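Coordinates from data.pdb are shown below (PDB, C-alpha atoms).
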ATOM      1  CA  MET I   1     -58.243  78.690  27.273
ATOM      2  CA  THR I   2     -56.934  75.888  24.994
ATOM      3  CA  ASP I   3     -58.098  72.391  25.930
ATOM      4  CA  PHE I   4     -55.850  69.525  26.880
ATOM      5  CA  ASP I   5     -54.677  67.692  23.708
ATOM      6  CA  PRO I   6     -53.885  63.970  24.268
ATOM      7  CA  ASN I   7     -51.739  63.748  21.116
ATOM      8  CA  SER I   8     -49.524  66.658  22.182
ATOM      9  CA  PHE I   9     -49.371  65.127  25.642
ATOM     10  CA  ALA I  10     -48.175  61.819  24.127
ATOM     11  CA  ASP I  11     -45.265  63.669  22.448
ATOM     12  CA  MET I  12     -44.553  65.500  25.680
ATOM     13  CA  MET I  13     -44.499  62.198  27.586
ATOM     14  CA  ASP I  14     -41.662  61.011  25.338
ATOM     15  CA  ASP I  15     -39.664  64.097  26.332
ATOM     16  CA  TYR I  16     -40.540  63.605  30.020
ATOM     17  CA  ILE I  17     -39.411  59.983  29.844
ATOM     18  CA  GLU I  18     -36.115  60.901  28.200
ATOM     19  CA  ILE I  19     -35.349  63.487  30.897
ATOM     20  CA  ALA I  20     -36.463  61.255  33.769
ATOM     21  CA  ASP I  21     -34.571  58.240  32.392
ATOM     22  CA  ALA I  22     -31.302  60.211  32.210
ATOM     23  CA  ASN I  23     -31.757  61.415  35.807
ATOM     24  CA  ILE I  24     -32.572  57.934  37.130
ATOM     25  CA  LYS I  25     -29.619  56.334  35.351
ATOM     26  CA  GLN I  26     -27.336  58.894  36.934
ATOM     27  CA  GLU I  27     -28.902  58.333  40.349
ATOM     28  CA  TYR I  28     -28.609  54.523  40.169
ATOM     29  CA  GLN I  29     -25.399  54.342  38.155
ATOM     30  CA  ARG I  30     -23.580  52.221  40.760
ATOM     31  CA  GLU I  31     -26.403  49.654  41.005
ATOM     32  CA  LEU I  32     -26.744  49.495  37.222
ATOM     33  CA  ASN I  33     -23.007  48.915  36.768
ATOM     34  CA  ALA I  34     -23.110  46.107  39.316
ATOM     35  CA  LEU I  35     -25.739  44.367  37.174
ATOM     36  CA  LYS I  36     -23.671  44.292  34.001
ATOM     37  CA  GLY I  37     -22.580  40.689  34.692
ATOM     38  CA  LEU I  38     -19.468  39.257  33.078
ATOM     39  CA  SER I  39     -17.191  40.598  30.372
ATOM     40  CA  GLU I  40     -16.290  38.483  27.338
ATOM     41  CA  ASN I  41     -12.848  37.872  28.882
ATOM     42  CA  LYS I  42     -14.357  36.665  32.153
ATOM     43  CA  ILE I  43     -16.754  34.353  30.283
ATOM     44  CA  ASN I  44     -13.760  32.818  28.480
ATOM     45  CA  GLU I  45     -11.828  32.564  31.759
ATOM     46  CA  PHE I  46     -14.681  30.942  33.719
ATOM     47  CA  GLY I  47     -15.695  28.710  30.819
ATOM     48  CA  GLY I  48     -12.289  27.000  30.764
ATOM     49  CA  GLU I  49     -10.269  25.598  27.913
ATOM     50  CA  THR I  50      -9.926  21.890  27.141
ATOM     51  CA  SER I  51      -8.848  21.716  23.520
ATOM     52  CA  GLN I  52      -5.225  20.915  24.409
ATOM     53  CA  MET I  53      -4.122  17.514  23.147
ATOM     54  CA  ASP I  54      -7.326  16.877  21.208
ATOM     55  CA  ASP I  55      -5.168  15.414  18.415
ATOM     56  CA  ILE I  56      -3.847  12.701  20.722
ATOM     57  CA  ILE I  57      -7.360  11.189  20.939
ATOM     58  CA  LYS I  58      -6.911   9.934  17.351
ATOM     59  CA  GLU I  59      -3.712   8.132  18.339
ATOM     60  CA  ILE I  60      -5.403   6.579  21.362
ATOM     61  CA  GLU I  61      -8.363   5.468  19.230
ATOM     62  CA  LYS I  62      -5.951   3.870  16.779
ATOM     63  CA  ALA I  63      -4.124   2.056  19.587
ATOM     64  CA  LYS I  64      -7.439   0.859  21.020
ATOM     65  CA  GLU I  65      -8.573  -0.513  17.622
ATOM     66  CA  SER I  66      -5.259  -2.308  17.269
ATOM     67  CA  ASN I  67      -5.575  -3.779  20.766
ATOM     68  CA  LEU I  68      -9.143  -4.922  20.137
ATOM     69  CA  SER I  69      -8.028  -6.672  16.955
ATOM     70  CA  GLN I  70      -5.373  -8.504  18.954
ATOM     71  CA  ALA I  71      -7.905  -9.354  21.635
ATOM     72  CA  GLU I  72     -10.116 -10.891  18.952
ATOM     73  CA  LEU I  73      -7.347 -13.395  18.208
ATOM     74  CA  ILE I  74      -8.629 -15.996  20.662
ATOM     75  CA  ASN I  75     -12.144 -15.784  19.211
ATOM     76  CA  ASN I  76     -10.792 -16.076  15.722
ATOM     77  CA  ILE I  77      -8.745 -19.137  16.717
ATOM     78  CA  THR I  78     -11.861 -20.727  18.266
ATOM     79  CA  ILE I  79     -13.965 -19.937  15.186
ATOM     80  CA  LEU I  80     -11.227 -21.288  12.948
ATOM     81  CA  GLY I  81     -11.068 -24.447  15.045
ATOM     82  CA  LYS I  82     -14.817 -25.001  14.843
ATOM     83  CA  SER I  83     -14.894 -24.375  11.084
ATOM     84  CA  THR I  84     -11.992 -26.755  10.527
ATOM     85  CA  TYR I  85     -13.674 -29.391  12.699
ATOM     86  CA  SER I  86     -16.992 -29.213  10.815
ATOM     87  CA  LEU I  87     -15.205 -29.256   7.475
ATOM     88  CA  ALA I  88     -13.204 -32.260   8.518
ATOM     89  CA  LYS I  89     -16.421 -33.961   9.664
ATOM     90  CA  LYS I  90     -17.918 -33.527   6.217
ATOM     91  CA  VAL I  91     -14.949 -35.099   4.444
ATOM     92  CA  SER I  92     -14.088 -37.837   6.884
ATOM     93  CA  ALA I  93     -16.293 -40.519   8.306
ATOM     94  CA  LEU I  94     -13.641 -41.239  10.925
ATOM     95  CA  ILE I  95     -14.485 -38.163  12.970
ATOM     96  CA  PRO I  96     -17.392 -38.687  15.410
TER      97      PRO I  96
ATOM     98  CA  MET D   1      12.560 -19.657  14.582
ATOM     99  CA  SER D   2      16.117 -18.515  15.147
ATOM    100  CA  HIS D   3      17.566 -17.967  18.589
ATOM    101  CA  ARG D   4      17.689 -14.229  17.903
ATOM    102  CA  ASN D   5      14.000 -14.101  16.965
ATOM    103  CA  ILE D   6      12.992 -16.005  20.088
ATOM    104  CA  LEU D   7      15.005 -13.542  22.175
ATOM    105  CA  PHE D   8      13.342 -10.590  20.414
ATOM    106  CA  LEU D   9       9.856 -12.091  20.905
ATOM    107  CA  SER D  10      10.549 -12.759  24.575
ATOM    108  CA  VAL D  11      11.674  -9.199  25.162
ATOM    109  CA  PHE D  12       8.673  -7.919  23.248
ATOM    110  CA  ILE D  13       6.248  -9.967  25.346
ATOM    111  CA  LEU D  14       8.040  -8.888  28.506
ATOM    112  CA  LEU D  15       7.833  -5.231  27.654
ATOM    113  CA  THR D  16       4.349  -5.120  26.135
ATOM    114  CA  GLY D  17       2.526  -7.901  27.829
ATOM    115  CA  CYS D  18       3.498  -7.553  31.469
ATOM    116  CA  ALA D  19       2.294  -4.050  32.228
ATOM    117  CA  GLN D  20      -0.238  -4.309  35.036
ATOM    118  CA  VAL D  21      -3.617  -2.976  33.923
ATOM    119  CA  PRO D  22      -6.217  -4.409  36.299
ATOM    120  CA  GLN D  23      -9.911  -4.362  35.436
ATOM    121  CA  SER D  24     -10.334  -1.950  38.366
ATOM    122  CA  SER D  25      -8.429   0.699  36.352
ATOM    123  CA  VAL D  26     -11.287   0.575  33.807
ATOM    124  CA  THR D  27     -13.800   0.922  36.657
ATOM    125  CA  LEU D  28     -11.814   3.863  38.054
ATOM    126  CA  SER D  29     -11.633   5.537  34.665
ATOM    127  CA  ASN D  30     -15.402   5.087  34.284
ATOM    128  CA  SER D  31     -15.953   6.588  37.716
ATOM    129  CA  ILE D  32     -13.860   9.618  36.681
ATOM    130  CA  SER D  33     -16.429  10.224  33.934
ATOM    131  CA  ASP D  34     -19.209  10.127  36.536
ATOM    132  CA  ASP D  35     -17.216  12.541  38.730
ATOM    133  CA  VAL D  36     -16.695  14.894  35.803
ATOM    134  CA  VAL D  37     -20.435  14.839  35.032
ATOM    135  CA  SER D  38     -21.119  15.590  38.705
ATOM    136  CA  MET D  39     -18.664  18.533  38.575
ATOM    137  CA  GLN D  40     -20.333  19.722  35.380
ATOM    138  CA  LYS D  41     -23.694  19.798  37.187
ATOM    139  CA  ALA D  42     -22.143  21.664  40.134
ATOM    140  CA  HIS D  43     -20.404  24.173  37.847
ATOM    141  CA  LYS D  44     -23.645  24.796  35.935
ATOM    142  CA  SER D  45     -25.648  25.124  39.147
ATOM    143  CA  PHE D  46     -23.209  27.774  40.337
ATOM    144  CA  ILE D  47     -23.484  29.687  37.049
ATOM    145  CA  ASN D  48     -27.292  29.513  37.183
ATOM    146  CA  TYR D  49     -27.247  30.633  40.823
ATOM    147  CA  TYR D  50     -25.035  33.618  39.916
ATOM    148  CA  PHE D  51     -27.221  34.718  36.989
ATOM    149  CA  ASP D  52     -30.525  34.007  38.804
ATOM    150  CA  ASN D  53     -29.278  36.274  41.554
ATOM    151  CA  LEU D  54     -28.296  39.029  39.100
ATOM    152  CA  GLU D  55     -31.649  38.787  37.296
ATOM    153  CA  THR D  56     -33.521  38.982  40.603
ATOM    154  CA  GLN D  57     -31.527  42.090  41.545
ATOM    155  CA  ALA D  58     -32.191  43.593  38.107
ATOM    156  CA  ASN D  59     -35.939  42.970  38.430
ATOM    157  CA  GLU D  60     -35.934  44.469  41.922
ATOM    158  CA  LEU D  61     -34.101  47.549  40.673
ATOM    159  CA  ILE D  62     -36.589  47.982  37.835
ATOM    160  CA  ASN D  63     -39.711  47.312  39.950
ATOM    161  CA  ASN D  64     -38.723  49.040  43.183
ATOM    162  CA  LYS D  65     -36.509  51.892  42.027
ATOM    163  CA  TYR D  66     -36.672  52.598  38.304
ATOM    164  CA  ARG D  67     -40.459  52.451  37.862
ATOM    165  CA  PRO D  68     -41.394  54.516  40.975
ATOM    166  CA  SER D  69     -38.672  57.069  40.158
ATOM    167  CA  LEU D  70     -39.886  57.351  36.571
ATOM    168  CA  ILE D  71     -43.484  57.959  37.682
ATOM    169  CA  ARG D  72     -42.415  60.473  40.324
ATOM    170  CA  GLN D  73     -40.169  62.462  37.978
ATOM    171  CA  ILE D  74     -42.750  62.576  35.164
ATOM    172  CA  ILE D  75     -45.391  63.822  37.598
ATOM    173  CA  GLU D  76     -42.935  66.477  38.787
ATOM    174  CA  LEU D  77     -42.308  67.584  35.190
ATOM    175  CA  ASP D  78     -46.070  67.684  34.571
ATOM    176  CA  VAL D  79     -46.616  69.708  37.738
ATOM    177  CA  GLN D  80     -43.986  72.190  36.529
ATOM    178  CA  LYS D  81     -46.118  72.650  33.384
ATOM    179  CA  PHE D  82     -49.220  73.046  35.577
ATOM    180  CA  LYS D  83     -47.488  75.830  37.525
ATOM    181  CA  THR D  84     -46.501  77.684  34.328
ATOM    182  CA  PRO D  85     -49.581  79.784  33.365
ATOM    183  CA  ASP D  86     -49.136  79.732  29.583
ATOM    184  CA  LYS D  87     -48.400  75.992  29.523
ATOM    185  CA  GLN D  88     -50.920  74.898  32.136
ATOM    186  CA  HIS D  89     -53.376  73.517  29.524
ATOM    187  CA  GLN D  90     -50.682  70.964  28.418
ATOM    188  CA  SER D  91     -50.563  69.437  31.893
ATOM    189  CA  LEU D  92     -52.311  66.108  32.592
ATOM    190  CA  PHE D  93     -52.696  67.156  36.206
ATOM    191  CA  ASN D  94     -54.623  70.215  35.026
ATOM    192  CA  ALA D  95     -56.746  68.131  32.648
ATOM    193  CA  ILE D  96     -57.707  65.749  35.490
ATOM    194  CA  GLN D  97     -58.523  68.644  37.812
ATOM    195  CA  LYS D  98     -60.710  70.338  35.198
ATOM    196  CA  ALA D  99     -62.538  67.178  34.155
ATOM    197  CA  PHE D 100     -63.183  65.609  37.566
ATOM    198  CA  ILE D 101     -62.816  68.308  40.282
ATOM    199  CA  ASP D 102     -63.370  71.893  39.087
ATOM    200  CA  ASN D 103     -66.002  70.959  36.526
ATOM    201  CA  LYS D 104     -69.067  72.855  37.790
ATOM    202  CA  ASN D 105     -68.927  75.553  35.095
ATOM    203  CA  LEU D 106     -68.658  73.092  32.184
ATOM    204  CA  SER D 107     -71.543  72.223  29.897
ATOM    205  CA  GLN D 108     -72.392  68.534  29.541
ATOM    206  CA  ASN D 109     -70.667  68.478  26.177
ATOM    207  CA  GLU D 110     -67.522  70.173  27.560
ATOM    208  CA  LEU D 111     -67.562  67.860  30.557
ATOM    209  CA  ASN D 112     -67.732  64.771  28.329
ATOM    210  CA  THR D 113     -64.879  66.017  26.131
ATOM    211  CA  SER D 114     -62.625  67.038  29.017
ATOM    212  CA  GLN D 115     -63.240  63.774  30.907
ATOM    213  CA  SER D 116     -62.608  61.728  27.771
ATOM    214  CA  ASN D 117     -59.346  63.628  27.059
ATOM    215  CA  ALA D 118     -58.177  63.337  30.688
ATOM    216  CA  MET D 119     -58.841  59.571  30.628
ATOM    217  CA  LEU D 120     -56.954  59.262  27.363
ATOM    218  CA  GLY D 121     -54.098  61.293  28.889
ATOM    219  CA  MET D 122     -53.925  58.906  31.866
ATOM    220  CA  GLN D 123     -53.931  55.943  29.527
ATOM    221  CA  ILE D 124     -51.033  57.473  27.555
ATOM    222  CA  PHE D 125     -49.237  58.240  30.846
ATOM    223  CA  TYR D 126     -49.379  54.626  32.065
ATOM    224  CA  SER D 127     -48.874  52.877  28.735
ATOM    225  CA  LYS D 128     -45.773  54.931  27.902
ATOM    226  CA  ILE D 129     -44.345  54.343  31.376
ATOM    227  CA  ASP D 130     -45.057  50.588  31.142
ATOM    228  CA  LYS D 131     -43.454  50.411  27.717
ATOM    229  CA  LYS D 132     -40.329  52.243  28.908
ATOM    230  CA  VAL D 133     -40.052  50.152  32.073
ATOM    231  CA  GLU D 134     -40.253  46.887  30.100
ATOM    232  CA  LEU D 135     -37.719  48.191  27.591
ATOM    233  CA  GLU D 136     -35.294  48.977  30.418
ATOM    234  CA  ARG D 137     -35.902  45.559  31.979
ATOM    235  CA  LYS D 138     -35.126  43.906  28.659
ATOM    236  CA  GLN D 139     -31.989  46.000  28.156
ATOM    237  CA  LEU D 140     -30.761  45.128  31.629
ATOM    238  CA  ILE D 141     -31.670  41.430  31.690
ATOM    239  CA  GLY D 142     -31.137  40.609  27.989
ATOM    240  CA  PRO D 143     -27.301  40.781  28.156
ATOM    241  CA  LEU D 144     -27.346  38.697  31.369
ATOM    242  CA  LYS D 145     -29.369  35.982  29.616
ATOM    243  CA  LYS D 146     -26.941  36.051  26.707
ATOM    244  CA  GLN D 147     -23.929  35.790  29.050
ATOM    245  CA  ARG D 148     -25.569  32.881  30.893
ATOM    246  CA  ARG D 149     -26.180  31.031  27.608
ATOM    247  CA  GLN D 150     -22.593  31.686  26.455
ATOM    248  CA  LEU D 151     -20.992  30.534  29.698
ATOM    249  CA  LEU D 152     -23.212  27.442  30.061
ATOM    250  CA  GLY D 153     -22.494  26.536  26.439
ATOM    251  CA  LYS D 154     -18.751  26.926  26.960
ATOM    252  CA  VAL D 155     -18.783  24.930  30.190
ATOM    253  CA  ASP D 156     -20.911  22.177  28.619
ATOM    254  CA  SER D 157     -18.710  21.809  25.572
ATOM    255  CA  ASN D 158     -15.565  21.697  27.712
ATOM    256  CA  TYR D 159     -16.969  19.070  30.075
ATOM    257  CA  ILE D 160     -18.169  17.022  27.098
ATOM    258  CA  ASN D 161     -14.627  17.249  25.732
ATOM    259  CA  ILE D 162     -13.168  16.029  29.041
ATOM    260  CA  VAL D 163     -15.647  13.129  29.191
ATOM    261  CA  LYS D 164     -14.840  12.275  25.560
ATOM    262  CA  LYS D 165     -11.099  12.232  26.264
ATOM    263  CA  ASN D 166     -11.604  10.138  29.383
ATOM    264  CA  ALA D 167     -13.837   7.730  27.428
ATOM    265  CA  SER D 168     -10.938   7.232  24.987
ATOM    266  CA  ILE D 169      -8.604   6.391  27.855
ATOM    267  CA  THR D 170     -11.228   4.053  29.372
ATOM    268  CA  ALA D 171     -11.675   2.281  26.039
ATOM    269  CA  LEU D 172      -7.905   1.970  25.677
ATOM    270  CA  LEU D 173      -7.540   0.493  29.175
ATOM    271  CA  ASN D 174     -10.424  -1.854  28.425
ATOM    272  CA  SER D 175      -8.735  -2.994  25.227
ATOM    273  CA  VAL D 176      -5.491  -3.663  27.151
ATOM    274  CA  THR D 177      -7.346  -5.829  29.701
ATOM    275  CA  ASP D 178      -8.967  -7.674  26.756
ATOM    276  CA  ILE D 179      -5.516  -8.321  25.312
ATOM    277  CA  HIS D 180      -4.307  -9.619  28.665
ATOM    278  CA  GLU D 181      -7.254 -12.015  28.814
ATOM    279  CA  THR D 182      -6.458 -13.191  25.300
ATOM    280  CA  GLN D 183      -2.774 -13.617  26.184
ATOM    281  CA  GLN D 184      -3.735 -15.606  29.266
ATOM    282  CA  SER D 185      -5.977 -17.871  27.188
ATOM    283  CA  LEU D 186      -3.185 -18.395  24.664
ATOM    284  CA  PHE D 187      -0.697 -19.219  27.441
ATOM    285  CA  GLU D 188      -3.151 -21.755  28.851
ATOM    286  CA  MET D 189      -3.657 -23.269  25.394
ATOM    287  CA  VAL D 190       0.049 -23.991  25.100
ATOM    288  CA  GLY D 191       0.252 -25.310  28.647
ATOM    289  CA  ILE D 192       1.989 -22.385  30.351
ATOM    290  CA  GLU D 193       1.114 -21.947  34.000
ATOM    291  CA  ASP D 194      -1.599 -19.589  35.164
ATOM    292  CA  ASN D 195      -0.851 -15.906  35.738
ATOM    293  CA  ILE D 196       2.534 -16.119  34.040
ATOM    294  CA  ARG D 197       2.047 -12.621  32.660
ATOM    295  CA  VAL D 198       1.462 -11.175  36.133
ATOM    296  CA  GLU D 199       4.404 -13.152  37.502
ATOM    297  CA  LEU D 200       6.720 -11.931  34.753
ATOM    298  CA  GLY D 201       5.448  -8.404  35.311
ATOM    299  CA  THR D 202       6.363  -8.578  38.989
ATOM    300  CA  LYS D 203       9.852  -9.915  38.176
ATOM    301  CA  LEU D 204      10.329  -7.202  35.592
ATOM    302  CA  THR D 205       9.385  -4.573  38.183
ATOM    303  CA  THR D 206      12.011  -5.995  40.574
ATOM    304  CA  PHE D 207      14.549  -5.969  37.765
ATOM    305  CA  ALA D 208      13.690  -2.324  36.989
ATOM    306  CA  ASP D 209      14.317  -1.457  40.661
ATOM    307  CA  ASP D 210      17.715  -3.193  40.493
ATOM    308  CA  ILE D 211      18.641  -1.206  37.389
ATOM    309  CA  GLU D 212      17.630   2.008  39.121
ATOM    310  CA  GLU D 213      19.823   1.130  42.086
ATOM    311  CA  LEU D 214      22.707   0.315  39.753
ATOM    312  CA  GLN D 215      22.207   3.649  37.958
ATOM    313  CA  SER D 216      22.486   5.546  41.229
ATOM    314  CA  LYS D 217      25.682   3.627  42.036
ATOM    315  CA  VAL D 218      27.071   4.594  38.620
ATOM    316  CA  ASP D 219      26.075   8.200  39.257
ATOM    317  CA  ASN D 220      27.917   8.402  42.565
ATOM    318  CA  GLY D 221      30.876   6.351  41.312
ATOM    319  CA  SER D 222      30.418   3.387  43.670
ATOM    320  CA  SER D 223      29.437   0.790  41.059
ATOM    321  CA  LYS D 224      31.553  -2.293  40.406
ATOM    322  CA  VAL D 225      31.880  -4.478  37.319
ATOM    323  CA  GLU D 226      30.300  -7.302  39.362
ATOM    324  CA  ASP D 227      27.167  -5.242  39.876
ATOM    325  CA  VAL D 228      26.696  -4.788  36.119
ATOM    326  CA  GLU D 229      27.391  -8.464  35.495
ATOM    327  CA  ALA D 230      24.866  -9.459  38.165
ATOM    328  CA  ALA D 231      22.222  -7.257  36.570
ATOM    329  CA  LEU D 232      22.895  -8.756  33.137
ATOM    330  CA  THR D 233      22.643 -12.285  34.554
ATOM    331  CA  LYS D 234      19.317 -11.431  36.168
ATOM    332  CA  PHE D 235      17.985 -10.118  32.886
ATOM    333  CA  LYS D 236      19.163 -13.218  30.993
ATOM    334  CA  ASN D 237      17.488 -15.448  33.578
ATOM    335  CA  LEU D 238      14.306 -13.500  33.221
ATOM    336  CA  ILE D 239      14.342 -13.927  29.429
ATOM    337  CA  ASN D 240      15.099 -17.637  29.729
ATOM    338  CA  GLN D 241      12.079 -18.162  31.955
TER     339      GLN D 241
END
Have the structure of the file written as structure tokens, please.
Amino acid sequence: MTDFDPNSFADMMDDYIEIADANIKQEYQRELNALKGLSENKINEFGGETSQMDDIIKEIEKAKESNLSQAELINNITILGKSTYSLAKKVSALIP
Amino acid sequence: MSHRNILFLSVFILLTGCAQVPQSSVTLSNSISDDVVSMQKAHKSFINYYFDNLETQANELINNKYRPSLIRQIIELDVQKFKTPDKQHQSLFNAIQKAFIDNKNLSQNELNTSQSNAMLGMQIFYSKIDKKVELERKQLIGPLKKQRRQLLGKVDSNYINIVKKNASITALLNSVTDIHETQQSLFEMVGIEDNIRVELGTKLTTFADDIEELQSKVDNGSSKVEDVEAALTKFKNLINQ
């Protein structure tokens, strides 16, 4: 009688696995389908969409910059006043 | 400055400078950002909960159903070989029986060889099953991990976009309150009473209500010339202030 050959058995195991795998996947088809997760469409749907009106941000940024420049006016007036005062002090001994 | 220019400037200040933008609107806008971040965390927690649950179920299916079924079916296939006389020598079950149970007629050398081959057969049996089981696990869980990454990435980028947009609005509101502070300082510099901007804003709101009322009278045909004249006088008075 021929002895058991591990190498032939290894090849045979591949065949066994292929057969068994096909049977199991048929048996648990419902469970396996339930574990497929989300489709690409569902991922897009659940992920949301917020790119609408992105362009308007630039306009808002521009308006903000303009507002901040206007808000700086009072500081600029104060700085101008101080500069004028110190300049005047240098050229006139009358100013304390 | 001509009379016309003064009138234009007055109207301009009325329309641009009297809108009520309290500092609390900036605080509210900031708090919206915090709320959005909180919703982002909640949304992501839900996604992670969903995918954790799916991955747990996938692991349970692999460990408790796929692996035991694979072992059982392979043993059954091997037993079929064992029961077929001309293929019996290919069976692992037969090799184990010969090497460890019915081994009395074997020489020491034959015993060593058959035991060594049977052990090698068992090693092949388990390693191939393990490899297949892990491959199936990867094929089942891999797409779930990819979906989780995709969805979290999408959700993150969208929430970041919302926060960014809200930050622009907050900065704009902040800049308007800065302008109002500057206007107030300028009014004080030229000796105009405190809170004139707020006061003018309130009067302008009342005037807007009057215009709305007049419009509805015009719409239903009950307006009189006196009503229009009264509205114009109110507006002139407002400008003159």
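Using the PyMOL selection byres ((chain I) within 6 of (chain D)) on this structure selects I:Phe4, I:Pro6, I:Tyr16, I:Ala20, I:Ile43, I:Gly47, I:Thr50, I:Lys64, I:Asn67, I:Leu68, I:Ala71, I:Ile74.
What separates CA of Glu61 in chain I from CA of Asn30 in chain D is a distance of 16.6 Å.
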Emit as AutoDock Vina command-line options the padded axis-aligned box for all listed atoms of range 15-34 of chain I, 6 Å per side, with centre and edge lengths in Å to one decimal.
--center_x -31.8 --center_y 55.1 --center_z 33.7 --size_x 29.5 --size_y 30.0 --size_z 26.7
Work out how far CA of Glu40 in chain I is from CA of Val36 in chain D, in Å to one decimal. 25.1 Å
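Across the structure, CA of Asp15 in chain I and CA of Pro68 in chain D are spaced 17.6 Å apart.
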Nearest to Phe46 in chain I, restricted to only C-alpha atoms and choosing among D:Ser24, D:Asn237, D:Asp34, D:Phe46, comes out as D:Phe46
